[in-house]
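*Asks:* Structure file run-v1.cif (mmCIF, C-alpha atoms and all ligand atoms) right here:
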```cif
data_query
loop_
_atom_site.label_atom_id
_atom_site.label_comp_id
_atom_site.auth_asym_id
_atom_site.auth_seq_id
_atom_site.Cartn_x
_atom_site.Cartn_y
_atom_site.Cartn_z
CA MET U 145 8.72 14.91 11.20
CA PRO U 146 6.57 12.14 12.67
CA ALA U 147 7.02 11.34 16.36
CA ILE U 148 9.63 8.58 16.45
CA GLY U 149 9.98 6.58 19.63
CA SER U 150 11.95 3.56 20.69
CA GLY U 151 8.82 1.63 21.73
CA LYS U 152 9.83 1.69 25.38
CA GLU U 153 7.84 4.82 26.25
CA SER U 154 4.39 3.38 25.49
CA SER U 155 2.34 1.56 28.09
CA THR U 156 1.86 -2.16 27.54
CA ALA U 157 1.11 -3.11 31.13
CA ASP U 158 -2.31 -4.49 30.17
CA ARG U 159 -1.07 -6.37 27.08
CA PRO U 160 -1.69 -10.14 27.28
CA ASP U 161 1.44 -12.25 26.95
CA THR U 162 0.77 -13.53 23.43
CA PRO U 163 3.37 -13.84 20.66
CA GLY U 164 1.20 -12.26 17.93
CA LEU U 165 0.87 -8.59 16.97
CA VAL U 166 -2.32 -7.77 18.88
CA ASP U 167 -3.70 -4.36 19.81
CA ARG U 168 -5.99 -2.98 22.52
CA PHE U 169 -9.02 -3.29 20.25
CA GLY U 170 -8.66 -7.03 19.59
CA ARG U 171 -7.17 -6.71 16.11
CA ARG U 172 -4.21 -8.82 15.00
CA GLY U 173 -1.53 -7.70 12.54
CA LYS U 174 -1.15 -10.26 9.74
CA ASP U 175 -0.29 -8.13 6.73
CA LEU U 176 3.09 -6.35 6.60
CA ARG U 177 3.66 -3.45 4.17
CA ILE U 178 7.28 -2.55 3.67
CA SER U 179 8.26 0.70 2.03
CA ILE U 180 11.69 0.31 0.48
CA THR U 181 12.24 3.78 -0.99
CA GLU U 182 10.87 7.33 -1.06
CA LYS U 183 11.88 7.76 -4.72
CA CYS U 184 9.37 7.55 -7.54
CA SER U 185 9.24 7.75 -11.32
CA LEU U 186 5.84 9.53 -11.17
CA ARG U 187 4.44 12.48 -9.25
CA CYS U 188 0.77 11.61 -8.79
CA THR U 189 -0.95 14.76 -7.59
CA TYR U 190 -2.88 12.90 -4.84
CA CYS U 191 0.38 11.52 -3.41
CA MET U 192 3.67 13.28 -4.16
CA PRO U 193 4.82 16.88 -4.32
CA GLU U 194 5.92 18.03 -7.76
CA GLU U 195 9.60 18.09 -6.75
CA GLY U 196 9.48 14.61 -5.18
CA LEU U 197 10.01 13.73 -1.52
CA PRO U 198 13.12 14.88 0.35
CA PRO U 199 15.79 12.23 -0.34
CA ILE U 200 16.55 9.73 2.41
CA PRO U 201 20.33 9.49 2.92
CA GLY U 202 21.52 6.08 1.64
CA GLN U 203 22.84 4.96 5.04
CA ASN U 204 19.36 5.46 6.54
CA LEU U 205 17.65 3.05 4.16
CA LEU U 206 17.32 -0.55 5.27
CA THR U 207 19.58 -2.86 3.29
CA PRO U 208 18.32 -6.08 1.61
CA ALA U 209 19.83 -8.14 4.45
CA GLU U 210 18.12 -5.96 7.09
CA ILE U 211 14.77 -6.12 5.29
CA ALA U 212 15.02 -9.91 5.05
CA ARG U 213 15.83 -10.16 8.75
CA VAL U 214 12.84 -7.99 9.66
CA VAL U 215 10.60 -10.11 7.45
CA GLU U 216 11.79 -13.27 9.16
CA ILE U 217 11.15 -11.76 12.61
CA ALA U 218 7.71 -10.62 11.47
CA VAL U 219 6.78 -14.07 10.23
CA ARG U 220 8.43 -16.35 12.78
CA ASN U 221 8.06 -14.26 15.94
CA LEU U 222 4.96 -12.22 15.24
CA GLY U 223 2.72 -14.32 12.99
CA ILE U 224 2.74 -12.12 9.89
CA GLU U 225 1.12 -14.05 7.02
CA GLU U 226 1.85 -11.90 3.98
CA VAL U 227 4.36 -9.28 2.93
CA ARG U 228 4.01 -6.51 0.36
CA PHE U 229 6.77 -4.21 -0.91
CA THR U 230 5.80 -0.65 -1.63
CA GLY U 231 7.17 2.88 -1.55
CA GLY U 232 7.67 5.42 -3.20
CA GLU U 233 8.16 3.18 -6.19
CA PRO U 234 9.78 -0.21 -5.37
CA LEU U 235 11.16 -0.48 -8.93
CA MET U 236 13.35 2.55 -8.20
CA ARG U 237 15.57 0.26 -6.10
CA VAL U 238 18.14 -1.47 -8.27
CA ASP U 239 18.50 -4.15 -5.60
CA LEU U 240 14.77 -4.99 -5.58
CA ALA U 241 15.32 -8.53 -6.91
CA GLU U 242 17.93 -9.13 -4.19
CA ILE U 243 15.48 -7.92 -1.53
CA VAL U 244 12.80 -10.27 -2.84
CA ARG U 245 15.21 -13.19 -3.17
CA ARG U 246 16.54 -12.83 0.35
CA CYS U 247 13.04 -12.58 1.80
CA ALA U 248 11.80 -15.58 -0.19
CA GLN U 249 14.72 -17.64 1.09
CA ARG U 250 14.15 -16.64 4.71
CA VAL U 251 10.39 -17.24 4.77
CA PRO U 252 9.56 -19.79 2.09
CA GLY U 253 5.85 -20.11 1.43
CA ILE U 254 4.92 -16.63 2.68
CA PRO U 255 3.20 -14.68 -0.12
CA LEU U 256 5.41 -11.83 -1.35
CA SER U 257 3.81 -9.11 -3.43
CA MET U 258 4.50 -5.57 -4.59
CA THR U 259 2.47 -2.43 -5.18
CA THR U 260 3.96 -0.65 -8.17
CA ASN U 261 3.33 1.87 -10.92
CA ALA U 262 4.84 -0.75 -13.30
CA ILE U 263 7.16 1.71 -15.05
CA GLY U 264 10.14 -0.31 -16.29
CA LEU U 265 8.54 -3.54 -15.08
CA GLN U 266 8.61 -4.90 -18.62
CA TYR U 267 12.39 -5.34 -18.25
CA ARG U 268 12.34 -6.78 -14.73
CA ALA U 269 9.18 -8.87 -14.36
CA ALA U 270 10.87 -12.17 -15.21
CA GLU U 271 13.80 -11.51 -12.85
CA LEU U 272 11.42 -10.61 -10.01
CA ALA U 273 9.27 -13.69 -10.56
CA ASP U 274 12.43 -15.79 -10.54
CA ALA U 275 13.53 -14.14 -7.29
CA GLY U 276 10.31 -15.26 -5.60
CA LEU U 277 7.82 -12.43 -6.08
CA ASP U 278 4.32 -13.94 -6.26
CA ARG U 279 2.05 -11.18 -7.47
CA ILE U 280 1.62 -7.46 -8.01
CA ASN U 281 -0.85 -4.63 -7.63
CA VAL U 282 -0.44 -1.95 -10.28
CA SER U 283 -1.62 1.63 -9.84
CA LEU U 284 -3.33 2.85 -12.99
CA ASP U 285 -6.00 5.53 -12.85
CA THR U 286 -6.83 6.17 -16.47
CA LEU U 287 -6.23 4.91 -20.02
CA ASP U 288 -6.31 8.40 -21.43
CA ARG U 289 -2.69 9.29 -22.13
CA GLU U 290 -3.14 13.03 -21.76
CA HIS U 291 -5.06 12.66 -18.56
CA PHE U 292 -2.48 10.19 -17.23
CA ALA U 293 0.30 12.70 -17.94
CA ARG U 294 -1.57 15.46 -16.12
CA LEU U 295 -2.42 13.33 -13.11
CA THR U 296 1.03 11.81 -12.69
CA ARG U 297 3.00 14.78 -14.09
CA ARG U 298 4.78 12.31 -16.40
CA ASP U 299 3.85 11.00 -19.89
CA ARG U 300 4.49 7.30 -19.13
CA LEU U 301 1.24 5.45 -19.81
CA PRO U 302 2.70 3.13 -22.51
CA SER U 303 5.37 1.93 -20.08
CA VAL U 304 2.73 1.08 -17.45
CA LEU U 305 0.68 -0.95 -19.94
CA ALA U 306 3.80 -2.77 -21.16
CA GLY U 307 4.71 -3.50 -17.53
CA ILE U 308 1.31 -5.03 -16.79
CA ARG U 309 1.52 -7.30 -19.82
CA ALA U 310 5.07 -8.37 -19.02
CA ALA U 311 4.06 -9.17 -15.43
CA ALA U 312 1.22 -11.37 -16.67
CA ALA U 313 3.58 -13.14 -19.07
CA ALA U 314 6.07 -13.71 -16.22
CA GLY U 315 3.36 -15.34 -14.09
CA LEU U 316 3.09 -12.56 -11.49
CA ARG U 317 -0.59 -13.33 -11.03
CA PRO U 318 -3.21 -12.46 -10.04
CA ILE U 319 -2.63 -8.87 -11.13
CA LYS U 320 -4.79 -6.27 -9.46
CA VAL U 321 -5.08 -2.76 -10.82
CA ASN U 322 -5.69 0.00 -8.25
CA ALA U 323 -7.25 3.26 -9.39
CA VAL U 324 -7.58 6.24 -7.09
CA LEU U 325 -10.91 7.97 -7.51
CA MET U 326 -10.67 11.60 -8.54
CA PRO U 327 -13.15 13.75 -10.45
CA GLU U 328 -10.92 13.19 -13.51
CA THR U 329 -10.74 9.39 -13.00
CA LEU U 330 -14.51 9.10 -12.80
CA HIS U 331 -14.75 10.18 -16.40
CA GLY U 332 -12.63 7.19 -17.59
CA ALA U 333 -13.80 4.57 -15.08
CA VAL U 334 -15.96 2.69 -17.57
CA ASP U 335 -13.12 2.42 -20.12
CA LEU U 336 -10.69 1.32 -17.44
CA LEU U 337 -13.00 -1.45 -16.24
CA GLY U 338 -13.61 -2.61 -19.81
CA TRP U 339 -9.85 -2.77 -20.43
CA CYS U 340 -9.15 -4.68 -17.21
CA LEU U 341 -11.87 -7.24 -17.95
CA ASN U 342 -10.37 -7.71 -21.39
CA GLU U 343 -6.83 -8.15 -20.05
CA GLY U 344 -7.95 -10.56 -17.31
CA VAL U 345 -6.80 -8.35 -14.45
CA SER U 346 -9.03 -7.31 -11.55
CA LEU U 347 -9.71 -3.66 -10.90
CA ARG U 348 -10.25 -1.91 -7.59
CA PHE U 349 -11.12 1.74 -7.18
CA ILE U 350 -9.85 3.48 -4.04
CA GLU U 351 -11.39 6.56 -2.49
CA GLN U 352 -8.81 9.30 -2.30
CA MET U 353 -7.60 9.82 1.26
CA PRO U 354 -6.15 12.99 2.80
CA LEU U 355 -2.61 11.71 2.31
CA ASP U 356 -1.45 14.01 -0.50
CA ALA U 357 1.80 15.86 0.06
CA ASP U 358 0.25 19.11 -1.16
CA HIS U 359 -2.59 18.93 1.41
CA VAL U 360 -5.30 19.91 -1.05
CA TRP U 361 -7.64 16.97 -0.32
CA ALA U 362 -11.14 18.10 0.65
CA ARG U 363 -14.11 15.89 1.44
CA THR U 364 -16.35 18.23 -0.52
CA ASN U 365 -14.68 17.54 -3.87
CA MET U 366 -13.88 13.90 -3.22
CA VAL U 367 -15.52 11.29 -5.49
CA ASP U 368 -17.05 8.63 -3.29
CA ALA U 369 -17.90 4.97 -3.83
CA ARG U 370 -21.62 5.66 -4.23
CA ARG U 371 -21.05 8.06 -7.10
CA LEU U 372 -18.69 5.66 -8.85
CA LEU U 373 -21.15 2.77 -8.49
CA SER U 374 -23.90 4.73 -10.13
CA VAL U 375 -21.59 5.65 -13.05
CA LEU U 376 -20.42 2.02 -13.53
CA SER U 377 -23.96 0.66 -13.21
CA GLU U 378 -25.01 2.66 -16.26
CA SER U 379 -22.63 0.57 -18.42
CA PHE U 380 -22.23 -2.72 -16.54
CA ASP U 381 -24.52 -5.20 -14.84
CA LEU U 382 -23.01 -5.37 -11.32
CA ARG U 383 -23.88 -7.97 -8.67
CA GLU U 384 -22.45 -7.57 -5.17
CA ILE U 385 -20.34 -10.49 -3.92
CA GLU U 386 -20.39 -11.41 -0.25
CA ARG U 387 -17.03 -10.87 1.46
CA ASP U 388 -15.49 -13.95 3.06
CA ASP U 389 -12.55 -12.05 4.60
CA PRO U 390 -13.72 -9.11 6.75
CA SER U 391 -10.20 -7.63 6.87
CA SER U 392 -10.19 -7.28 3.07
CA PRO U 393 -10.89 -3.60 2.49
CA ALA U 394 -12.46 -4.08 -0.95
CA GLU U 395 -16.17 -4.55 -1.52
CA GLU U 396 -16.59 -6.54 -4.71
CA TRP U 397 -19.06 -6.83 -7.56
CA ALA U 398 -19.30 -9.50 -10.25
CA VAL U 399 -19.57 -7.97 -13.71
CA GLY U 400 -22.35 -9.52 -15.80
CA GLY U 401 -21.30 -11.02 -19.14
CA SER U 402 -17.73 -11.62 -17.94
CA THR U 403 -15.86 -13.73 -15.41
CA GLY U 404 -14.34 -10.58 -13.90
CA THR U 405 -15.06 -8.49 -10.85
CA VAL U 406 -14.64 -4.89 -9.79
CA GLY U 407 -13.83 -3.77 -6.26
CA ILE U 408 -14.18 -0.52 -4.38
CA ILE U 409 -12.09 0.40 -1.37
CA ALA U 410 -14.20 3.04 0.33
CA SER U 411 -11.51 4.03 2.80
CA VAL U 412 -13.15 7.37 3.57
CA THR U 413 -16.90 6.78 3.43
CA ARG U 414 -16.97 3.18 4.76
CA SER U 415 -14.07 2.91 7.12
CA PHE U 416 -12.74 -0.62 7.74
CA CYS U 417 -10.41 0.34 10.59
CA SER U 418 -12.13 -2.03 13.02
CA ASP U 419 -10.96 -4.98 10.89
CA CYS U 420 -7.52 -3.58 10.00
CA ASP U 421 -4.80 -6.25 10.04
CA ARG U 422 -1.87 -4.12 8.79
CA THR U 423 1.44 -3.13 10.18
CA ARG U 424 3.98 -1.04 8.30
CA LEU U 425 7.71 -0.65 8.07
CA THR U 426 8.97 2.61 6.57
CA ALA U 427 12.02 2.76 4.29
CA GLU U 428 14.09 4.21 7.17
CA GLY U 429 13.21 1.31 9.44
CA THR U 430 10.43 2.63 11.66
CA ILE U 431 7.33 0.65 12.56
CA ARG U 432 4.10 2.47 11.82
CA SER U 433 0.88 0.81 12.93
CA CYS U 434 -1.60 3.17 11.24
CA LEU U 435 -1.41 5.28 8.07
CA PHE U 436 -3.04 8.17 9.94
CA SER U 437 -1.02 8.16 13.14
CA ASP U 438 2.32 9.95 13.15
CA GLN U 439 3.52 7.69 15.94
CA GLU U 440 6.49 5.62 14.69
CA THR U 441 8.90 3.31 16.46
CA ASP U 442 12.49 2.97 15.32
CA ILE U 443 13.85 -0.52 14.79
CA ARG U 444 16.76 0.32 12.48
CA GLY U 445 18.76 1.33 15.53
CA LEU U 446 18.01 -2.04 17.14
CA LEU U 447 18.99 -3.96 14.00
CA ARG U 448 22.28 -2.10 13.83
CA SER U 449 23.21 -2.30 17.50
CA GLY U 450 23.18 -6.05 18.01
CA SER U 451 19.65 -6.44 19.42
CA SER U 452 18.25 -9.96 19.27
CA ASP U 453 15.25 -10.97 17.15
CA HIS U 454 13.37 -11.40 20.40
CA ASP U 455 14.04 -7.77 21.42
CA VAL U 456 13.02 -6.40 18.02
CA ALA U 457 9.82 -8.45 18.15
CA GLN U 458 9.04 -7.18 21.64
CA VAL U 459 9.38 -3.53 20.57
CA TRP U 460 7.13 -4.24 17.59
CA ARG U 461 4.50 -5.85 19.84
CA SER U 462 4.46 -2.75 22.06
CA ALA U 463 4.07 -0.47 19.03
CA MET U 464 1.15 -2.56 17.77
CA TRP U 465 -0.55 -2.69 21.17
CA ASN U 466 -0.86 1.11 21.05
CA LYS U 467 -2.30 1.25 17.52
CA SER U 468 -5.06 3.84 17.25
CA ALA U 469 -8.68 2.73 16.91
CA GLY U 470 -9.28 4.43 13.58
CA HIS U 471 -8.22 7.09 11.12
CA GLY U 472 -10.25 9.83 12.82
CA MET U 473 -11.14 11.53 9.52
CA ASP U 474 -14.67 12.18 10.74
CA ALA U 475 -13.56 14.14 13.79
CA GLU U 476 -13.98 17.93 13.73
CA ASP U 477 -10.35 18.40 14.73
CA PHE U 478 -8.90 15.88 12.23
CA VAL U 479 -5.41 16.79 11.07
CA PRO U 480 -3.79 14.78 8.25
CA PRO U 481 -0.57 12.99 9.15
CA VAL U 482 2.77 14.69 8.57
CA ARG U 483 3.94 12.09 6.09
CA SER U 484 2.16 11.74 2.75
CA MET U 485 1.21 8.34 1.27
CA GLY U 486 4.40 8.03 -0.77
CA ALA U 487 6.53 8.72 2.30
CA ILE U 488 4.75 6.15 4.47
CA GLY U 489 4.29 3.38 1.91
CA GLY U 490 0.74 2.76 0.71
N1 LIG T 1 4.38 3.68 -6.35
C1 LIG T 1 3.61 2.52 -6.08
C2 LIG T 1 2.23 2.64 -6.66
O1 LIG T 1 1.81 3.76 -6.99
O2 LIG T 1 1.57 1.62 -6.77
C3 LIG T 1 3.55 2.15 -4.62
C4 LIG T 1 3.38 3.26 -3.64
S1 LIG T 1 1.83 4.12 -3.71
C5 LIG T 1 2.01 5.26 -2.40
C6 LIG T 1 0.75 2.86 -3.06
C7 LIG T 1 -0.72 3.06 -3.32
O3 LIG T 1 -1.16 4.21 -2.64
C8 LIG T 1 -1.09 3.25 -4.78
O4 LIG T 1 -2.08 2.30 -5.13
C9 LIG T 1 -1.64 4.64 -4.82
O5 LIG T 1 -2.65 4.79 -5.78
C10 LIG T 1 -2.17 4.82 -3.41
N2 LIG T 1 -2.31 6.21 -2.99
C11 LIG T 1 -1.41 7.19 -3.04
N3 LIG T 1 -1.92 8.34 -2.54
C12 LIG T 1 -3.18 8.07 -2.16
C13 LIG T 1 -4.24 8.83 -1.57
N4 LIG T 1 -4.08 10.11 -1.28
N5 LIG T 1 -5.40 8.22 -1.31
C14 LIG T 1 -5.58 6.91 -1.62
N6 LIG T 1 -4.64 6.13 -2.16
C15 LIG T 1 -3.44 6.70 -2.44
FE1 LIG T 2 4.65 7.42 -7.03
FE2 LIG T 2 2.91 5.56 -6.35
FE3 LIG T 2 2.80 7.98 -5.20
FE4 LIG T 2 2.11 7.75 -7.75
S1 LIG T 2 1.09 6.78 -6.00
S2 LIG T 2 3.50 9.28 -6.89
S3 LIG T 2 3.45 6.14 -8.44
S4 LIG T 2 4.43 6.53 -4.98
#
```
What would you get if you wrote out this structure as structure tokens?
*Replies:*
Amino acid sequence: MPAIGSGKESSTADRPDTPGLVDRFGRRGKDLRISITEKCSLRCTYCMPEEGLPPIPGQNLLTPAEIARVVEIAVRNLGIEEVRFTGGEPLMRVDLAEIVRRCAQRVPGIPLSMTTNAIGLQYRAAELADAGLDRINVSLDTLDREHFARLTRRDRLPSVLAGIRAAAAAGLRPIKVNAVLMPETLHGAVDLLGWCLNEGVSLRFIEQMPLDADHVWARTNMVDARRLLSVLSESFDLREIERDDPSSPAEEWAVGGSTGTVGIIASVTRSFCSDCDRTRLTAEGTIRSCLFSDQETDIRGLLRSGSSDHDVAQVWRSAMWNKSAGHGMDAEDFVPPVRSMGAIGG
């Protein structure tokens, strides 16, 4: 289990009295990721164990009303500027549209997005757009059906493709496709980029991080950004685009002969921790400031025991103040976090 505190035990004596979510290293939290479930329709080998994650008892999951309240506190009290739903797989929650609708009503104008594997999205895209969802990121690593089935342990590629097209038709744009880089994904990277350019969706490759539930990640067999770039450059004319937002983790390239781009999130080899602007809420209602730190702060208890918005915000500020400087992957004594990516919310 991660170390769960109430937020009162950490030192904030030197924290300036500002309303925003600032930390000791001068970073400000602006981007809130909310995991809404541990359940998933896939079992990607770099994320989930084959049997799935241990189920969270229903009463421990935040309800739509609680999620909407947290979102309002995050925006009004703490200066959060965008909210993304994730998991596990957000589409596994039957009340997803209600969650989105309640949040959209509480914080009109704040961008609401979702990271999803898109399975079943073809039947729900219109309802989600109507509820107030603005855009989506879809995880898709390969267009090779057999390879997809091996990597995700489920033969569901057609459903993902149908979901992407339905999302585009419902106006959930821009659509970004995220592909985790693995030795197997490298082989199909050129095809995947060609398909995304054709469909008018942008593609970003992500270096695989040591956040797999099976703990088999090893730097030595990781595919890095440099290797991918050399493979893509053999088939595409790539021109690097200057980044205007330093907190955006993706480096981007324009693809010659098209209006599209391709991005690479080199989370391992080119760490962007010093510009990190994220804060996370787990499905059970704990605040987690860094993917790689097991330190979590419970706010579900506060929400359910009559605490004011002001008190919840104060606990969140303390948690953020103590955010770690970086992921620490380069340290000799690096130990991956207890929770895997699917259990934290990527
Ligand atoms: N199920 C949804 C999905 O796959 O989009 C949302 C949750 S998933 C944990 C969020 C993101 O984390 C996905 O883009 C996925 O590819 C990424 N991810 C999972 N495990 C990862 C790892 N070990 N390293 C890098 N990214 C990872
Ligand atoms: Fe599920 Fe997303 Fe993890 Fe794949 S990456 S197992 S789709 S939570």
*Asks:* Can you work out which residues are within 9 Å of ligand LIG 1 (chain T), considering all atoms listed in the file, and then hand them over as a ChimeraX atom specification?
*Replies:* /U:179,182-186,188-192,229-235,258-262,281-285,321-325,350-357,361,411,484-490
*Asks:* Atom CA of Gly429 of chain U and atom CA of Leu205 of chain U are how many Å apart?
*Replies:* 7.1 Å
*Asks:* Could you tell me which of U:Arg187, U:Arg268, U:Arg483, U:Arg461 comes closest to ligand LIG 2 (chain T) if we count all atoms listed in the file?
*Replies:* U:Arg187
*Asks:* Which residues, written as a PyMOL selection string, have at least one atom at most 12 Å from Ala306 of chain U, with only C-alpha atoms counted and residues fewer than 6 positions away on the same chain left out?
*Replies:* chain U and resi 261-269+282+300+312-313+343
*Asks:* Nearest to Ser303 of chain U: which of U:Arg289, U:His331, U:Arg220, U:Lys320 is it, counting all atoms listed in the file?
*Replies:* U:Arg289
*Asks:* Looking at only C-alpha atoms and all ligand atoms, which of U:Ala293, U:Ala270, U:Leu287, U:Leu165 is the one that sits closest to ligand LIG 2 (chain T)?
*Replies:*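 Residue with the minimum atom-to-atom distance to ligand LIG 2 (chain T): U:Ala293.
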*Asks:* Between atom CA of Arg245 of chain U and atom CA of Glu210 of chain U, what is the distance in Å, rounded to a tenth?
*Replies:*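 Between these atoms lies a distance of 12.9 Å.
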*Asks:* To one decimal in Å, tell me the separation between atom CA of Ile443 of chain U and atom CA of Val456 of chain U.
*Replies:*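 Straight-line distance from atom CA of Ile443 of chain U to atom CA of Val456 of chain U works out to 6.8 Å.
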*Asks:* Quick one: of U:Val367, U:Ile280, U:Leu446, U:Leu197, who's nearest to ligand LIG 2 (chain T), counting all atoms listed in the file?
*Replies:*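 The shortest atom-to-atom distance to ligand LIG 2 (chain T) comes from U:Leu197.
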*Asks:* Give the answer as one residue: which of U:His291, U:Arg371, U:Arg297, U:Arg363 has the shortest atom-to-atom distance to ligand LIG 2 (chain T), using all atoms listed in the file?
*Replies:*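 Among the listed residues, the smallest separation from ligand LIG 2 (chain T) belongs to U:Arg297.
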*Asks:* Could you tell me which of U:Gly407, U:Pro208, U:Pro160, U:Gly196 comes closest to ligand LIG 2 (chain T) if we count all atoms listed in the file?
*Replies:*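 Smallest separation from ligand LIG 2 (chain T) among the options: U:Gly196.
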*Asks:* Would you mind completing segment 177-184 of chain U so that it carries all heavy atoms, and writing it out as a PDB file, keeping the file's coordinate frame?
*Replies:*
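After the write, selection_9.pdb holds the following:
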```pdb
ATOM      1  N   ARG U 177       3.305  -4.296   5.326  1.00  0.00           N
ATOM      2  CA  ARG U 177       3.660  -3.450   4.170  1.00  0.00           C
ATOM      3  C   ARG U 177       5.033  -2.855   4.415  1.00  0.00           C
ATOM      4  O   ARG U 177       5.235  -2.198   5.448  1.00  0.00           O
ATOM      5  CB  ARG U 177       2.673  -2.290   4.009  1.00  0.00           C
ATOM      6  CG  ARG U 177       1.219  -2.706   3.885  1.00  0.00           C
ATOM      7  CD  ARG U 177       0.958  -3.182   2.484  1.00  0.00           C
ATOM      8  NE  ARG U 177      -0.202  -4.041   2.439  1.00  0.00           N
ATOM      9  CZ  ARG U 177      -1.337  -3.729   1.851  1.00  0.00           C
ATOM     10  NH1 ARG U 177      -1.480  -2.551   1.288  1.00  0.00           N
ATOM     11  NH2 ARG U 177      -2.324  -4.591   1.804  1.00  0.00           N
ATOM     12  N   ILE U 178       5.925  -3.075   3.494  1.00  0.00           N
ATOM     13  CA  ILE U 178       7.280  -2.550   3.670  1.00  0.00           C
ATOM     14  C   ILE U 178       7.580  -1.528   2.582  1.00  0.00           C
ATOM     15  O   ILE U 178       7.617  -1.858   1.394  1.00  0.00           O
ATOM     16  CB  ILE U 178       8.337  -3.673   3.566  1.00  0.00           C
ATOM     17  CG1 ILE U 178       8.037  -4.767   4.575  1.00  0.00           C
ATOM     18  CG2 ILE U 178       9.734  -3.127   3.760  1.00  0.00           C
ATOM     19  CD1 ILE U 178       9.076  -5.885   4.579  1.00  0.00           C
ATOM     20  N   SER U 179       7.817  -0.293   2.994  1.00  0.00           N
ATOM     21  CA  SER U 179       8.260   0.700   2.030  1.00  0.00           C
ATOM     22  C   SER U 179       9.776   0.538   1.891  1.00  0.00           C
ATOM     23  O   SER U 179      10.485   0.433   2.891  1.00  0.00           O
ATOM     24  CB  SER U 179       7.927   2.109   2.524  1.00  0.00           C
ATOM     25  OG  SER U 179       8.526   3.052   1.657  1.00  0.00           O
ATOM     26  N   ILE U 180      10.250   0.512   0.634  1.00  0.00           N
ATOM     27  CA  ILE U 180      11.690   0.310   0.480  1.00  0.00           C
ATOM     28  C   ILE U 180      12.398   1.540  -0.108  1.00  0.00           C
ATOM     29  O   ILE U 180      13.613   1.558  -0.204  1.00  0.00           O
ATOM     30  CB  ILE U 180      12.016  -0.963  -0.341  1.00  0.00           C
ATOM     31  CG1 ILE U 180      11.354  -0.914  -1.721  1.00  0.00           C
ATOM     32  CG2 ILE U 180      11.589  -2.213   0.416  1.00  0.00           C
ATOM     33  CD1 ILE U 180      11.771  -2.087  -2.619  1.00  0.00           C
ATOM     34  N   THR U 181      11.622   2.552  -0.465  1.00  0.00           N
ATOM     35  CA  THR U 181      12.240   3.780  -0.990  1.00  0.00           C
ATOM     36  C   THR U 181      11.230   4.923  -0.959  1.00  0.00           C
ATOM     37  O   THR U 181      10.017   4.683  -0.983  1.00  0.00           O
ATOM     38  CB  THR U 181      12.729   3.593  -2.437  1.00  0.00           C
ATOM     39  OG1 THR U 181      13.328   4.813  -2.897  1.00  0.00           O
ATOM     40  CG2 THR U 181      11.601   3.237  -3.385  1.00  0.00           C
ATOM     41  N   GLU U 182      11.744   6.144  -0.936  1.00  0.00           N
ATOM     42  CA  GLU U 182      10.870   7.330  -1.060  1.00  0.00           C
ATOM     43  C   GLU U 182      10.872   7.827  -2.506  1.00  0.00           C
ATOM     44  O   GLU U 182      10.111   8.713  -2.860  1.00  0.00           O
ATOM     45  CB  GLU U 182      11.360   8.432  -0.105  1.00  0.00           C
ATOM     46  CG  GLU U 182      12.500   9.320  -0.615  1.00  0.00           C
ATOM     47  CD  GLU U 182      13.824   8.585  -0.850  1.00  0.00           C
ATOM     48  OE1 GLU U 182      13.912   7.372  -0.609  1.00  0.00           O
ATOM     49  OE2 GLU U 182      14.780   9.263  -1.308  1.00  0.00           O
ATOM     50  N   LYS U 183      11.740   7.263  -3.347  1.00  0.00           N
ATOM     51  CA  LYS U 183      11.880   7.760  -4.720  1.00  0.00           C
ATOM     52  C   LYS U 183      10.748   7.237  -5.604  1.00  0.00           C
ATOM     53  O   LYS U 183      10.219   6.163  -5.351  1.00  0.00           O
ATOM     54  CB  LYS U 183      13.214   7.294  -5.311  1.00  0.00           C
ATOM     55  CG  LYS U 183      14.406   7.881  -4.614  1.00  0.00           C
ATOM     56  CD  LYS U 183      15.664   7.656  -5.405  1.00  0.00           C
ATOM     57  CE  LYS U 183      16.860   8.380  -4.819  1.00  0.00           C
ATOM     58  NZ  LYS U 183      16.840   8.610  -3.382  1.00  0.00           N
ATOM     59  N   CYS U 184      10.411   8.004  -6.635  1.00  0.00           N
ATOM     60  CA  CYS U 184       9.370   7.550  -7.540  1.00  0.00           C
ATOM     61  C   CYS U 184       9.580   8.109  -8.932  1.00  0.00           C
ATOM     62  O   CYS U 184      10.126   9.203  -9.097  1.00  0.00           O
ATOM     63  CB  CYS U 184       7.986   7.956  -7.027  1.00  0.00           C
ATOM     64  SG  CYS U 184       6.683   7.152  -7.977  1.00  0.00           S
TER      65      CYS U 184
END
```
